[in-house]
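Below: work19.cif (mmCIF, C-alpha atoms)
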```
data_upload
#
loop_
_atom_site.label_atom_id
_atom_site.label_comp_id
_atom_site.auth_asym_id
_atom_site.auth_seq_id
_atom_site.Cartn_x
_atom_site.Cartn_y
_atom_site.Cartn_z
CA MET A 1 0.00 0.00 0.00
CA ASP A 2 1.20 3.51 -0.85
CA PHE A 3 1.29 5.35 2.45
CA GLY A 4 1.45 8.64 0.59
CA THR A 5 -2.13 8.21 -0.60
CA ASP A 6 -4.88 10.05 1.24
CA PRO A 7 -7.47 7.77 2.89
CA PRO A 8 -10.10 6.59 0.37
CA HIS A 9 -12.85 6.59 2.98
CA CYS A 10 -12.09 10.21 3.71
CA SER A 11 -12.48 11.43 0.13
CA ARG A 12 -15.53 13.41 -0.78
CA ASN A 13 -17.45 15.01 -3.63
CA VAL A 14 -16.72 18.72 -3.26
CA ASN A 15 -20.10 19.56 -4.82
CA ALA A 16 -22.05 17.42 -2.37
CA HIS A 17 -23.73 18.75 0.75
CA PRO A 18 -21.17 18.24 3.53
CA LEU A 19 -23.58 16.78 6.05
CA THR A 20 -25.46 14.37 3.80
CA GLU A 21 -23.37 13.20 0.88
CA SER A 22 -19.80 12.59 1.97
CA PRO A 23 -18.71 8.99 2.68
CA VAL A 24 -17.43 10.09 6.07
CA THR A 25 -20.74 11.53 7.19
CA ARG A 26 -22.69 8.58 5.81
CA ASP A 27 -20.52 6.33 7.97
CA ALA A 28 -21.04 8.73 10.87
CA HIS A 29 -24.81 8.55 10.48
CA GLY A 30 -24.62 4.77 10.50
CA LEU A 31 -22.41 4.74 13.57
CA SER A 32 -24.71 7.14 15.41
CA THR A 33 -27.60 4.79 14.68
CA PHE A 34 -25.52 1.94 16.06
CA ILE A 35 -24.88 3.94 19.23
CA ARG A 36 -28.56 4.81 19.63
CA LYS A 37 -29.67 1.21 19.12
CA HIS A 38 -27.16 0.00 21.68
CA SER A 39 -27.46 2.76 24.27
CA ILE A 40 -26.14 2.18 27.73
CA GLY A 41 -28.84 1.74 30.36
CA LYS A 42 -28.72 2.38 34.09
CA SER A 43 -27.94 -1.25 34.74
CA GLY A 44 -24.71 -1.00 32.82
CA ALA A 45 -26.05 -3.29 30.07
CA ILE A 46 -26.33 -2.34 26.42
CA THR A 47 -29.54 -3.16 24.59
CA GLY A 48 -28.80 -6.11 22.35
CA LEU A 49 -25.40 -6.65 23.94
CA GLU A 50 -24.95 -7.99 27.48
CA VAL A 51 -21.64 -6.65 28.73
CA ASP A 52 -19.83 -6.13 32.00
CA GLY A 53 -18.53 -2.86 33.44
CA LYS A 54 -15.22 -3.07 31.62
CA MET A 55 -17.03 -3.49 28.32
CA VAL A 56 -19.09 -0.37 29.07
CA GLU A 57 -15.87 1.58 29.62
CA ARG A 58 -14.44 0.10 26.47
CA ILE A 59 -17.48 1.09 24.40
CA PHE A 60 -17.53 4.58 25.86
CA SER A 61 -13.86 4.96 25.04
CA MET A 62 -14.42 3.72 21.52
CA VAL A 63 -17.38 6.06 20.96
CA CYS A 64 -15.14 8.97 21.94
CA PHE A 65 -12.44 7.62 19.65
CA ILE A 66 -14.74 7.31 16.64
CA LEU A 67 -15.62 10.99 16.96
CA HIS A 68 -11.91 11.77 16.74
CA PHE A 69 -11.66 9.44 13.75
CA ILE A 70 -14.38 11.36 11.92
CA ILE A 71 -12.50 14.56 12.69
CA PHE A 72 -9.31 12.97 11.36
CA CYS A 73 -11.01 11.97 8.10
CA LEU A 74 -12.39 15.44 7.58
CA ALA A 75 -8.91 16.86 8.06
CA PHE A 76 -7.94 15.18 4.78
CA VAL A 77 -10.42 17.19 2.73
CA SER A 78 -8.43 18.70 -0.12
CA ALA A 79 -7.54 22.37 -0.07
CA ASP A 80 -9.63 23.05 -3.19
CA ALA A 81 -12.90 22.18 -1.43
CA SER A 82 -15.32 25.02 -0.83
CA ALA A 83 -14.62 26.64 2.52
CA VAL A 84 -18.31 26.87 3.41
CA ASP A 85 -18.65 23.09 3.11
CA ILE A 86 -16.74 22.10 6.24
CA ARG A 87 -15.77 25.16 8.28
CA VAL A 88 -18.70 24.84 10.68
CA LEU A 89 -17.16 21.62 12.02
CA ALA A 90 -13.52 22.11 11.09
CA GLN A 91 -12.92 24.89 13.62
CA TYR A 92 -13.23 22.31 16.40
CA PHE A 93 -10.63 19.80 15.20
CA GLY A 94 -7.89 20.90 17.61
CA THR A 95 -4.39 19.66 16.78
CA LYS A 96 -5.84 17.61 13.92
CA SER A 97 -6.91 20.77 12.10
CA ARG A 98 -5.81 21.42 8.56
CA TYR A 99 -3.60 24.47 8.04
CA GLU A 100 -6.20 26.08 5.77
CA GLU A 101 -8.44 26.70 8.79
CA VAL A 102 -5.86 29.19 10.06
CA ASN A 103 -5.36 30.75 6.61
CA PRO A 104 -8.61 30.27 4.62
CA TYR A 105 -7.26 32.25 1.65
CA LEU A 106 -4.99 29.28 0.89
CA ILE A 107 -8.06 27.30 -0.17
CA ASP A 108 -8.21 29.42 -3.32
CA ASN A 109 -4.47 29.83 -3.80
CA VAL A 110 -2.01 27.58 -1.97
CA LEU A 111 0.89 29.93 -2.76
CA ALA A 112 -0.79 33.14 -1.65
CA VAL A 113 1.22 35.35 0.71
CA ASN A 114 -0.62 37.91 2.82
CA ASP A 115 1.89 40.74 2.41
CA SER A 116 -0.51 43.30 3.86
CA ALA A 117 -0.60 41.48 7.22
CA VAL A 118 3.16 41.05 7.66
CA LYS A 119 5.69 43.68 6.66
CA PRO A 120 9.27 44.55 7.67
CA PRO A 121 9.45 46.89 10.68
CA ALA A 122 10.40 49.79 8.38
CA PRO A 123 11.33 50.29 4.72
CA ASP A 124 15.03 50.54 5.59
CA CYS A 125 15.06 47.22 7.50
CA GLU A 126 16.83 44.20 6.02
CA ALA A 127 16.07 40.64 7.10
CA VAL A 128 19.33 39.07 8.32
CA HIS A 129 18.09 35.79 9.80
CA LEU A 130 15.05 33.51 9.90
CA THR A 131 14.41 30.63 12.29
CA ALA A 132 11.36 28.53 11.43
CA VAL A 133 10.11 25.95 13.92
CA ILE A 134 7.57 23.87 12.02
CA ARG A 135 5.18 21.06 12.84
CA HIS A 136 5.02 18.13 10.42
CA GLY A 137 2.20 17.98 7.87
CA THR A 138 -1.04 15.99 7.85
CA ARG A 139 -0.49 12.36 8.85
CA TYR A 140 -2.20 9.02 9.42
CA PRO A 141 -3.21 8.06 12.98
CA THR A 142 -0.50 6.58 15.15
CA VAL A 143 -0.55 2.86 15.82
CA GLY A 144 -2.14 3.30 19.24
CA ASN A 145 -5.18 4.93 17.71
CA ILE A 146 -5.28 2.41 14.87
CA LYS A 147 -5.49 -0.35 17.49
CA LYS A 148 -8.36 1.46 19.21
CA PHE A 149 -10.13 1.84 15.91
CA GLN A 150 -9.67 -1.87 15.19
CA THR A 151 -11.29 -2.65 18.54
CA PHE A 152 -14.19 -0.35 17.73
CA TYR A 153 -14.51 -1.86 14.27
CA ASP A 154 -14.67 -5.38 15.73
CA LEU A 155 -17.40 -4.27 18.13
CA VAL A 156 -19.49 -2.67 15.38
CA ILE A 157 -19.16 -5.63 13.02
CA ALA A 158 -20.12 -8.07 15.78
CA ALA A 159 -23.24 -6.02 16.53
CA ALA A 160 -24.05 -5.74 12.82
CA ALA A 161 -24.48 -9.51 12.49
CA GLY A 162 -28.27 -9.06 12.67
CA ASP A 163 -30.58 -7.16 10.38
CA TRP A 164 -28.90 -3.92 9.38
CA SER A 165 -30.62 -3.48 6.04
CA SER A 166 -31.49 0.10 6.99
CA GLN A 167 -27.80 0.86 7.44
CA PRO A 168 -25.94 -0.94 4.64
CA GLU A 169 -22.84 1.19 5.19
CA ILE A 170 -22.33 -0.45 8.58
CA LYS A 171 -22.77 -3.95 7.18
CA SER A 172 -20.24 -3.36 4.40
CA TRP A 173 -17.80 -1.25 6.41
CA GLN A 174 -14.20 -2.32 5.85
CA MET A 175 -11.35 -1.57 8.24
CA TRP A 176 -8.56 -0.45 5.95
CA TYR A 177 -6.05 1.13 8.37
CA LYS A 178 -2.90 -0.95 8.83
CA TYR A 179 -0.53 -0.81 11.78
CA GLU A 180 2.37 -0.01 9.47
CA MET A 181 0.67 3.29 8.56
CA ASP A 182 1.67 4.42 12.07
CA GLY A 183 1.72 8.23 11.94
CA ARG A 184 3.08 8.39 8.41
CA LEU A 185 2.77 11.48 6.27
CA VAL A 186 0.10 11.46 3.56
CA ASN A 187 0.13 13.37 0.26
CA LYS A 188 -1.76 16.25 1.86
CA GLY A 189 0.99 16.45 4.47
CA ARG A 190 3.70 16.62 1.84
CA LYS A 191 1.82 19.39 0.07
CA ASP A 192 1.42 21.26 3.36
CA LEU A 193 5.18 21.55 3.73
CA ARG A 194 6.08 21.92 0.07
CA TYR A 195 3.73 24.86 -0.36
CA LEU A 196 4.91 26.40 2.92
CA GLY A 197 8.48 26.26 1.62
CA GLN A 198 7.43 28.02 -1.57
CA ARG A 199 5.58 30.73 0.34
CA LEU A 200 8.54 31.39 2.61
CA VAL A 201 10.77 31.88 -0.44
CA ARG A 202 8.33 34.58 -1.52
CA SER A 203 8.25 36.12 1.96
CA PHE A 204 12.03 36.09 2.49
CA PRO A 205 13.61 36.31 -0.98
CA SER A 206 16.88 37.74 0.33
CA LEU A 207 17.44 34.84 2.75
CA LEU A 208 16.18 31.78 0.89
CA THR A 209 18.30 31.95 -2.24
CA GLU A 210 20.14 29.44 -4.37
CA ASP A 211 23.42 30.96 -3.25
CA SER A 212 22.60 30.62 0.45
CA LEU A 213 21.55 27.00 -0.09
CA ARG A 214 24.70 26.07 -1.99
CA LYS A 215 26.98 27.77 0.54
CA GLY A 216 25.40 25.91 3.48
CA ARG A 217 23.89 29.03 5.02
CA VAL A 218 20.47 27.36 5.32
CA LYS A 219 20.30 24.51 7.84
CA PHE A 220 17.60 21.89 8.28
CA ILE A 221 17.05 20.07 11.58
CA THR A 222 14.36 17.45 12.15
CA SER A 223 12.94 14.97 14.61
CA SER A 224 13.78 11.36 13.77
CA LYS A 225 10.12 10.47 13.22
CA HIS A 226 9.48 9.60 9.60
CA ARG A 227 6.64 12.13 9.34
CA CYS A 228 9.09 14.89 10.32
CA VAL A 229 11.89 13.69 8.07
CA ASN A 230 9.50 13.45 5.12
CA SER A 231 8.05 16.87 5.98
CA THR A 232 11.58 18.29 5.93
CA ILE A 233 12.24 16.75 2.53
CA ALA A 234 8.94 18.13 1.20
CA PHE A 235 9.78 21.59 2.57
CA GLN A 236 13.20 21.46 0.91
CA GLN A 237 11.56 20.43 -2.35
CA GLY A 238 9.26 23.43 -2.17
CA ILE A 239 12.24 25.74 -1.77
CA MET A 240 14.09 24.14 -4.67
CA ASP A 241 10.97 24.28 -6.87
CA SER A 242 10.73 28.01 -6.25
CA LEU A 243 14.41 28.55 -7.00
CA GLY A 244 14.41 26.35 -10.11
CA ILE A 245 16.84 23.80 -8.65
CA GLN A 246 16.28 20.31 -10.04
CA GLY A 247 17.74 16.86 -9.49
CA GLU A 248 19.47 17.68 -6.21
CA ALA A 249 18.94 16.72 -2.58
CA LEU A 250 19.57 18.91 0.42
CA GLU A 251 21.00 17.60 3.67
CA HIS A 252 19.25 17.58 7.02
CA ILE A 253 20.30 16.81 10.58
CA VAL A 254 18.31 14.57 12.94
CA ASN A 255 18.32 15.96 16.46
CA ASP A 256 15.80 14.44 18.89
CA THR A 257 17.43 16.12 21.89
CA LEU A 258 16.24 19.42 20.43
CA MET A 259 13.08 18.50 18.53
CA ARG A 260 11.72 15.82 20.89
CA PHE A 261 12.77 17.35 24.20
CA PHE A 262 9.43 16.23 25.63
CA ASP A 263 10.64 12.61 25.45
CA GLN A 264 14.01 13.45 26.94
CA CYS A 265 12.82 15.42 29.98
CA GLN A 266 12.57 12.88 32.82
CA ARG A 267 10.63 15.17 35.14
CA LEU A 268 8.02 15.85 32.45
CA VAL A 269 7.66 12.16 31.61
CA GLU A 270 7.34 11.01 35.22
CA THR A 271 5.24 13.82 36.71
CA VAL A 272 2.91 14.59 33.78
CA GLU A 273 3.02 11.91 31.08
CA LYS A 274 2.64 9.03 33.55
CA ASN A 275 0.47 10.93 36.04
CA LYS A 276 -3.02 9.43 35.71
CA VAL A 277 -4.45 11.81 38.29
CA ALA A 278 -3.41 14.78 36.16
CA MET A 279 -5.26 13.31 33.20
CA THR A 280 -8.62 13.31 35.03
CA GLN A 281 -8.73 17.03 34.22
CA VAL A 282 -9.24 16.36 30.52
CA MET A 283 -12.73 14.90 30.54
CA GLU A 284 -14.66 17.59 28.71
CA TYR A 285 -13.56 19.78 25.81
CA SER A 286 -10.86 17.18 25.69
CA GLY A 287 -8.58 18.25 22.88
CA ASP A 288 -7.62 21.65 24.25
CA LEU A 289 -7.71 20.41 27.84
CA LYS A 290 -5.32 17.59 27.07
CA GLN A 291 -2.84 19.91 25.43
CA TYR A 292 -3.27 22.57 28.13
CA TRP A 293 -2.39 20.15 30.93
CA LYS A 294 0.20 18.09 29.05
CA ARG A 295 1.96 20.74 26.90
CA GLY A 296 0.60 24.13 27.95
CA PHE A 297 0.11 26.20 31.09
CA GLY A 298 -1.29 23.37 33.22
CA TYR A 299 2.08 22.49 34.77
CA ASP A 300 5.24 24.57 34.90
CA ILE A 301 7.40 21.70 33.64
CA ASN A 302 5.39 21.56 30.41
CA SER A 303 6.92 24.78 29.13
CA LYS A 304 10.22 24.52 31.00
CA ALA A 305 10.93 21.27 29.15
CA SER A 306 11.43 23.42 26.04
CA CYS A 307 14.27 25.43 27.63
CA ILE A 308 16.73 23.66 25.32
CA LEU A 309 14.87 24.89 22.24
CA PHE A 310 14.48 28.39 23.72
CA HIS A 311 18.21 28.69 24.38
CA ASP A 312 19.02 27.23 20.96
CA LEU A 313 16.92 29.97 19.35
CA PHE A 314 18.38 32.87 21.35
CA SER A 315 21.93 31.59 21.07
CA ARG A 316 21.59 31.67 17.31
CA LEU A 317 19.96 35.12 17.36
CA ASN A 318 22.78 36.43 19.57
CA THR A 319 25.38 35.08 17.14
CA VAL A 320 23.62 36.69 14.16
CA ALA A 321 23.27 39.96 16.07
CA SER A 322 26.99 39.97 16.88
CA GLN A 323 27.98 39.24 13.28
CA THR A 324 25.65 41.95 11.97
CA ARG A 325 26.87 44.63 14.38
CA ARG A 326 30.48 43.86 13.47
CA GLY A 327 29.73 44.06 9.77
CA LEU A 328 30.51 40.38 9.20
CA PRO A 329 28.60 38.05 6.87
CA VAL A 330 25.89 36.11 8.66
CA ALA A 331 27.02 32.48 8.64
CA GLU A 332 23.55 30.97 9.12
CA LEU A 333 20.88 32.92 7.27
CA VAL A 334 18.04 30.44 7.78
CA THR A 335 17.43 27.63 10.26
CA VAL A 336 14.52 25.27 9.66
CA GLN A 337 13.53 22.92 12.50
CA VAL A 338 10.80 20.36 11.90
CA GLY A 339 9.12 18.66 14.83
CA HIS A 340 5.75 18.09 16.41
CA ALA A 341 2.83 19.89 18.04
CA GLU A 342 4.54 18.80 21.26
CA THR A 343 7.62 20.72 20.10
CA LEU A 344 5.88 23.98 19.29
CA LEU A 345 3.25 24.29 22.01
CA PRO A 346 5.62 24.18 25.02
CA LEU A 347 7.88 26.79 23.39
CA LEU A 348 4.94 29.11 22.72
CA THR A 349 3.84 28.59 26.31
CA LEU A 350 7.32 29.39 27.59
CA LEU A 351 7.17 32.65 25.62
CA GLY A 352 3.92 33.44 27.47
CA LEU A 353 1.66 33.33 24.42
CA PHE A 354 -2.04 32.35 24.39
CA LYS A 355 -2.48 32.45 28.16
CA ASP A 356 -6.03 32.82 29.45
CA SER A 357 -6.86 34.62 32.69
CA ALA A 358 -8.20 31.39 34.22
CA PRO A 359 -6.88 27.84 33.79
CA LEU A 360 -8.79 25.45 31.56
CA THR A 361 -10.57 22.79 33.62
CA SER A 362 -13.36 20.29 33.06
CA SER A 363 -15.75 22.44 35.10
CA ASN A 364 -15.41 25.84 33.42
CA PHE A 365 -16.21 25.02 29.79
CA ALA A 366 -18.89 27.73 29.51
CA ALA A 367 -16.59 30.39 30.93
CA GLN A 368 -13.86 29.41 28.43
CA HIS A 369 -15.99 29.89 25.33
CA ASN A 370 -13.85 32.84 24.23
CA ARG A 371 -10.52 31.38 25.34
CA VAL A 372 -7.35 32.19 23.43
CA PHE A 373 -5.84 28.73 24.04
CA ARG A 374 -7.30 26.97 20.98
CA THR A 375 -4.94 24.35 19.64
CA GLY A 376 -6.64 24.23 16.25
CA GLN A 377 -5.62 27.84 15.70
CA ILE A 378 -2.22 27.53 17.36
CA VAL A 379 -0.77 24.17 16.22
CA PRO A 380 -2.68 22.71 13.27
CA TYR A 381 -0.84 20.42 10.89
CA ALA A 382 2.13 22.32 9.36
CA ALA A 383 1.99 24.97 12.11
CA ASN A 384 5.03 27.22 12.08
CA LEU A 385 6.74 29.75 14.33
CA LEU A 386 8.79 32.22 12.29
CA VAL A 387 11.32 34.38 14.13
CA VAL A 388 12.92 37.03 11.92
CA LEU A 389 15.79 39.33 12.86
CA TYR A 390 15.97 42.61 10.94
CA ASN A 391 18.84 45.09 10.70
CA CYS A 392 17.31 48.56 10.82
CA SER A 393 18.77 52.07 11.03
CA GLU A 394 17.90 52.33 14.75
CA GLY A 395 19.20 48.85 15.56
CA LEU A 396 18.24 45.19 15.35
CA ARG A 397 14.55 44.40 15.54
CA LEU A 398 12.77 41.08 16.01
CA GLN A 399 9.54 39.99 14.38
CA VAL A 400 7.59 36.88 15.36
CA ARG A 401 4.94 35.22 13.23
CA LEU A 402 2.77 32.21 13.98
CA ASN A 403 1.33 30.38 11.00
CA GLU A 404 2.37 33.34 8.84
CA HIS A 405 0.47 35.85 11.03
CA PRO A 406 2.18 38.58 13.10
CA LEU A 407 2.43 38.11 16.87
CA THR A 408 3.15 40.63 19.60
CA LEU A 409 5.19 39.11 22.41
CA PRO A 410 3.84 39.55 25.96
CA GLY A 411 5.11 42.69 27.68
CA LEU A 412 6.18 44.24 24.38
CA GLY A 413 3.69 46.57 22.75
CA ASP A 414 5.59 46.82 19.49
CA PRO A 415 5.05 43.94 17.03
CA SER A 416 8.65 44.53 15.87
CA PRO A 417 10.51 45.39 19.09
CA LEU A 418 14.19 46.10 19.39
CA PHE A 419 16.09 42.86 19.92
CA GLU A 420 17.58 44.18 23.17
CA ASP A 421 14.07 44.84 24.50
CA VAL A 422 13.17 41.24 23.75
CA ARG A 423 16.25 40.06 25.61
CA ARG A 424 15.27 42.17 28.61
CA GLN A 425 11.73 40.80 28.54
CA TYR A 426 13.03 37.24 28.71
CA ALA A 427 16.09 37.96 30.86
CA GLN A 428 15.02 35.56 33.61
CA LEU A 429 14.73 32.67 31.17
CA LEU A 430 17.95 33.61 29.40
CA GLN A 431 19.84 33.62 32.69
CA GLY A 432 18.30 30.36 33.87
CA CYS A 433 15.99 27.76 32.38
CA ASP A 434 18.71 25.13 32.41
CA GLN A 435 17.42 21.96 30.77
CA GLU A 436 19.26 19.54 33.01
CA THR A 437 18.10 21.31 36.15
CA VAL A 438 14.43 21.70 35.25
CA CYS A 439 14.12 18.14 33.95
CA LYS A 440 15.81 16.47 36.89
CA LEU A 441 13.49 14.52 39.17
CA ASP A 442 13.41 15.65 42.80
CA THR A 443 15.00 13.03 45.05
#
```
Written as structure tokens, that's how I'd like the structure from this file.
Amino acid sequence: MDFGTDPPHCSRNVNAHPLTESPVTRDAHGLSTFIRKHSIGKSGAITGLEVDGKMVERIFSMVCFILHFIIFCLAFVSADASAVDIRVLAQYFGTKSRYEEVNPYLIDNVLAVNDSAVKPPAPDCEAVHLTAVIRHGTRYPTVGNIKKFQTFYDLVIAAAAGDWSSQPEIKSWQMWYKYEMDGRLVNKGRKDLRYLGQRLVRSFPSLLTEDSLRKGRVKFITSSKHRCVNSTIAFQQGIMDSLGIQGEALEHIVNDTLMRFFDQCQRLVETVEKNKVAMTQVMEYSGDLKQYWKRGFGYDINSKASCILFHDLFSRLNTVASQTRRGLPVAELVTVQVGHAETLLPLLTLLGLFKDSAPLTSSNFAAQHNRVFRTGQIVPYAANLLVVLYNCSEGLRLQVRLNEHPLTLPGLGDPSPLFEDVRRQYAQLLQGCDQETVCKLDT
């Protein structure tokens, strides 16, 4: 099987009504009928299926999972589909959101650059460095979720052994996911990164050039996960397509210490990842809650685990600043780092971005209706944090963009502050935030 092919059961007729005609929603209607016909009663039994308490938990878990599966399928809808077809639902997909939900104009033109939204700090400013921290593109489910889906599938097929003539889709439903698909990039994911690479060439034409590529002034760093490596290759291809370079391959460096710090931080793994009590706080609007408590503001270690990436960024910016002030050529014009949602979200949290006045909990859903911590807007597939250093007449200025939109850093009113003001704002982190110290378990 070609793992680059988008899921056939997730394809759709772009002219069909989104809630009645797509294969995904037809399956969803059938599954909802299954759930209604086998609803859980007060006794803990399911009509038509006598089960024990563990089975009830299992079915409840699988029902929740199938909703995420439907969301996953919809995330594969091609970028040329009409925006009005799916946006009512798509805004709630969390980290499984497609990048087009953040930038709807890309639906009509995948190479469009919103120049009016992001400009240099001043006409006399020259971009001297770009760091791009990027999430991989759209992928298949990981093997853990495929196993859950297989369990759900077995349950549905067993229940469909009777008369299901009114729901033929259930009777004929085929489980086509394979374990070896485990989190692999699909064609949509490759396009996500290839088109992003092409857009960044348009946005930063003085940095992403053939000369800078050939002289090794553009560096590519990636997580070891195949979806990240393949995203890096797709991003590189997009750059080369824009520059007219053919038949060549660019190098990349695998660095899990940097791009998968969340696996390397013992304190994070032991006190959050393996803490079942902590996970009881993710029972309701589960997607954002899960990320808030595991990667966001829920626990201090969540963001502090990204200290290594924070220091890597500022160390590079300091080097570029020094070279620029001394009139020396900038050795590293562009740094591209490809990782995961779990790479980006802790770093954004460490920078103090998207913090609500009250913590997200399972009991304050209504009060959080207008929350700023929305993972679908922050870290969809192909999410990217762009940090640009400009050399201006009054000094070096820093500009930060998330998903190609301008950001104003907390405590700094200027969207393009002086670099020294940024350093002062984050002085406490720059002087501390030692990875080994923050990740060490208390004894």
- [ ] Using all atoms listed in the file, find all polymer residues with an atom at most 8 Å away from the point (-7.9, 21.5, 34.9); report them as an MDAnalysis selection string.
- [x] chainID A and resid 281:282 289 293 298 359:363
- [ ] Step by step, work through what the PyMOL selection byres ((chain A and resi 421-438) around 9) selects in the shown file, and finish by giving those residues as number ranges by chain.
- [x] A: 265, 267, 301, 304-308, 310-311, 314, 350-351, 397-398, 409-412, 417-420, 439-441
Preceding selection exported with C-alpha atoms as a short mmCIF file (atom, residue, chain, number, x, y, z; two decimals), in the coordinates of the input:
```
data_model
loop_
_atom_site.label_atom_id
_atom_site.label_comp_id
_atom_site.auth_asym_id
_atom_site.auth_seq_id
_atom_site.Cartn_x
_atom_site.Cartn_y
_atom_site.Cartn_z
CA CYS A 265 12.82 15.42 29.98
CA ARG A 267 10.63 15.17 35.14
CA ILE A 301 7.40 21.70 33.64
CA LYS A 304 10.22 24.52 31.00
CA ALA A 305 10.93 21.27 29.15
CA SER A 306 11.43 23.42 26.04
CA CYS A 307 14.27 25.43 27.63
CA ILE A 308 16.73 23.66 25.32
CA PHE A 310 14.48 28.39 23.72
CA HIS A 311 18.21 28.69 24.38
CA PHE A 314 18.38 32.87 21.35
CA LEU A 350 7.32 29.39 27.59
CA LEU A 351 7.17 32.65 25.62
CA ARG A 397 14.55 44.40 15.54
CA LEU A 398 12.77 41.08 16.01
CA LEU A 409 5.19 39.11 22.41
CA PRO A 410 3.84 39.55 25.96
CA GLY A 411 5.11 42.69 27.68
CA LEU A 412 6.18 44.24 24.38
CA PRO A 417 10.51 45.39 19.09
CA LEU A 418 14.19 46.10 19.39
CA PHE A 419 16.09 42.86 19.92
CA GLU A 420 17.58 44.18 23.17
CA CYS A 439 14.12 18.14 33.95
CA LYS A 440 15.81 16.47 36.89
CA LEU A 441 13.49 14.52 39.17
#
```
Open item on the list: Here's the selection I'm unsure about, the PyMOL selection byres ((chain A and resi 345) around 8); applied to the file above, which residues does it give, as a ChimeraX atom specification?
Closed with: /A:295-296,341-344,346-349,378-379
- [ ] Would you list the contacts of A:Ser224 as a PyMOL selection string, taking every protein, DNA or RNA residue within 8 Å and counting all atoms listed in the file, but skipping same-chain residues closer than 3 positions in sequence?
- [x] chain A and resi 228-229+254-256
TODO: Taking the point (5.0, 32.4, 4.4) as given in the file, collect each protein or nucleic acid residue that comes within 7 Å of it, counting all atoms listed in the file, and present the set as a ChimeraX atom specification.
DONE: /A:113,196,199-200,203,404
Open item on the list: Between A:Val102, A:Leu386, A:Ile157, A:Ile253, which residue has the minimum interatomic distance to A:Ala90, considering all atoms listed in the file?
Closed with: A:Val102
Open item on the list: Report, in Å to a single decimal, how far apart atom CA of A:Thr335 and atom CA of A:Ala321 are.
Closed with: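 Interatomic distance, atom CA of A:Ala321 to atom CA of A:Thr335: 14.8 Å.
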TODO: Could you tell me which of A:Glu270, A:Gly144, A:Val201, A:Leu193 comes closest to A:Lys178 if we count only C-alpha atoms?
DONE: A:Gly144
Task: Pick from A:Thr131, A:Ser303, A:Thr95, A:Gln368 nearest to A:Val272, counting all atoms listed in the file - done: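 Nearest candidate to A:Val272 out of A:Thr131, A:Ser303, A:Thr95, A:Gln368: A:Ser303.
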Task: Between atom CA of A:Val372 and atom CA of A:Asn145, distance in Å (one decimal) - done: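 Atom CA of A:Asn145 lies at a distance of 27.9 Å from atom CA of A:Val372.
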Open item on the list: Evaluated on this file, the PyMOL selection byres ((chain A and resi 247-252) around 10) picks out some residues - which ones are they, written as a ChimeraX atom specification?
Closed with: /A:213-214,216,218-222,229,232-233,236-237,240,245-246,253-255,336-337
- [ ] To one decimal in Å, tell me the separation between atom CA of A:Val338 and atom CA of A:Ile134.
- [x]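 Going from atom CA of A:Val338 over to atom CA of A:Ile134 covers 4.8 Å.
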- [ ] Go through A:Lys215, A:Arg202, A:Leu185, A:Asn318 one by one, measure the shortest atom-to-atom distance of each to A:Asp115 using only C-alpha atoms, and give the residue with the smallest value.
- [x]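 Closest candidate: A:Arg202.
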Given 8 Å on each side, where is the centre and what are the edge lengths in Å to one decimal of the axis-aligned box enclosing the listed atoms of stretch 112-130 of chain A, as lines of an AutoDock Vina configuration file?
```
center_x = 9.3
center_y = 41.8
center_z = 4.5
size_x = 36.1
size_y = 33.4
size_z = 28.3
```
- [ ] Could you check which of A:Asn103, A:Thr151, A:Ser212, A:Ser242 is closest to A:Leu402, using all atoms listed in the file?
- [x] A:Asn103
